[in-house]
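Here the structure comes first, spelled out in C-alpha cells, and everything after it is commentary.
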Amino acid sequence: MMSSLKSLLLLTLAAVTASAHSHHGGDDAQKPLSPGDDVCQHPAYQSHIVSKSPLVIYLENFLTKEERAHLQEVTEDTFTHSAVADSSGAQGLRQTRTSQSTNVPRDAVVRCVEERALLFQGFDVARAQLEPVQLVKYGAGERYHFHTDWYTNAAAHATAALGGNRLSSFFAYVAASDDVTGGGTNFPAVRAPRDPRWCAFVDCDEPWDSGVTFRPLVGNAVFWQNLLEDGTGDQRTLHAGLPVTNGSKIGMNIWTRQGPLSDDIRGPDV
C-alpha cells in the first residue's frame, strides 16, 4: 500500500502539472460552488516536489477562491480551543497547541475538496479513509508546537477500528489577514530546497539547518506521507505551526487513515 501510493503520486505529478498548463484563468475560470451544485470542478493546481524522502509535495492553487470563502462561511462562530491527545490518549487543552479548530460540515463543496485529495493519492484510497475535514484558526501569538500527525500511541488512536494510523496529510491555507506575519509551517528534518524560485512559497530567510518553512499563502497546500514503507511513523515528518506574530490565518487539515473509518467517526453528508 505504502509503496504503491508513493509511486502513484510521483508518476502522476507530470500529468497534473501538464493539466495545469492546459487550463487558463485560475480561480476566475472556476464555476462558483454552492451546496446545491451537482458538478464538482477542480482547479488547475500545480504540484512541486519538495522532498522524495520523506515524500513532501507543494500544491499551488489547490483551493479556489470560492471554496475558501465557503469554508469560512459554514464554520463561522463554530471554532473552539484545539485539543491535543496526551500519551495516554486523553484529549485536552495543552500549551503546545494554542489555536482554535472546528470540523467542517461535509456538504457538496467539502465533498469536492475531498475528491481532489483522494484523486491526488491515486485510485486505491477510499473516501471512507478520510477523517472529517478540519479548519484551524491562529491569531497573534498562537501556534502548534512540534508534533507529528501520525499517532505515537497506536493502541489509543490507531487501532483497526479507528482506521489505523494517519497515512498522509494535507495542510491547506484557507485565509490569512493582509497584515499577517509569522505563522509558517516548519519541517525541521526536511532539507530546504535551494532553487531561488522556491522563495515564492518558502521562507528563504530561515537558516538552512532549520529545515523548510512554508509561508501561509492562501489557496496553496502542502501534502506529505506520514508513514514509512513498513507502516511505522516517519519521524522526519515532525512539523510545527510557527507562532503568528501579527494578524491571523486559517488552515485546513485533511488526514487519510490506513483503512476505513466508521460512519460514526466520519459523520453524515449534508
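For the C-alpha cells, the naming scheme is as follows: chains receive sequential letters (A, B, ...) according to their order of presentation, residues are indexed from 1 within each chain, and ligands are indexed from 1 in presentation order.
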
Practice task
For Arg257 in chain A, work out the shell of residues within 8 Å, counting only C-alpha atoms and skipping chain neighbours fewer than 3 positions away, then give it as a count of residues only.
Solution key: 11

For Cys199 in chain A, list every protein, DNA or RNA residue within 12 Å, evaluated using only C-alpha atoms, and leave out those in the same chain fewer than 4 positions away; present the list as JSON, numbers by chain. {"A": [192, 193, 194, 195, 203, 204, 205, 206, 212, 213, 214, 215, 217]}

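Here the question is which of A:Gly139, A:Pro243, A:Pro188, A:Pro43 gets nearest to Arg116 in chain A using only C-alpha atoms, and that residue is A:Pro43.
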
- Among the residues of range 109-227 of chain A, find those DSSP assigns to strand (DSSP E) from the backbone and print them as an MDAnalysis selection string. chainID A and resid 134:138 144:147 166:176 181:182 185:187 212:214 221:225

Applying 7 Å and only C-alpha atoms, which residues near Val270 in chain A remain after dropping the ones on its own chain fewer than 2 positions away? List them as a PDB file with C-alpha atoms, in the first residue's frame.
ATOM      1  CA  PRO A 105     -19.930  20.038   7.587  1.00  0.00           C
ATOM      2  CA  ARG A 106     -19.496  17.679   4.622  1.00  0.00           C
ATOM      3  CA  ASP A 107     -21.616  19.484   2.035  1.00  0.00           C
ATOM      4  CA  PRO A 268     -23.073  12.280   7.679  1.00  0.00           C
TER       5      PRO A 268
END

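The smallest atom-to-atom distance between Gln46 in chain A and any of A:Val202, A:Val222, A:Ile265, A:Ala128, using only C-alpha atoms, is found for A:Val222.
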
task = Quick one: pick out all alpha helix (DSSP H) residues within range 40-162 of chain A from a backbone DSSP run and write them as a PyMOL selection string.
result = chain A and resi 65-74+108-120+154-157

| query | Contacts of Val174 in chain A at 9 Å or less, counting only C-alpha atoms, minus same-chain residues fewer than 6 places along, as an MDAnalysis selection string? | reply | chainID A and resid 63 65 67:69 71:72 135 216:220 249:252

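The nearest approach to Val50 in chain A among the residues A:Leu228, A:Val190, A:Ala176, A:Ala156, with only C-alpha atoms taken into account, belongs to A:Val190.
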
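Of the residues under consideration (A:Leu242, A:Val74, A:Ala160, A:Ala189), A:Ala160 shows the shortest atom-to-atom contact distance to Gly259 in chain A when counting only C-alpha atoms.
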
Expressed in Å, the length from CA of Ile49 in chain A to CA of Trp198 in chain A is 10.8 Å

message = Applying 7 Å and only C-alpha atoms, which residues near Asn103 in chain A remain after dropping the ones on its own chain fewer than 6 positions away? List them as a PyMOL selection string.
response = chain A and resi 132-135

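Using only C-alpha atoms, the nearest neighbour of Cys40 in chain A within the list A:Lys52, A:Arg111, A:Ile57, A:Thr78 is A:Arg111.
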
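What separates CA of Gln225 in chain A from CA of Asp263 in chain A is a distance of 24.3 Å.
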
Of A:Thr256, A:Ser82, A:Asn153, A:Ser99, the one nearest to Phe170 in chain A when counting only C-alpha atoms is A:Thr256
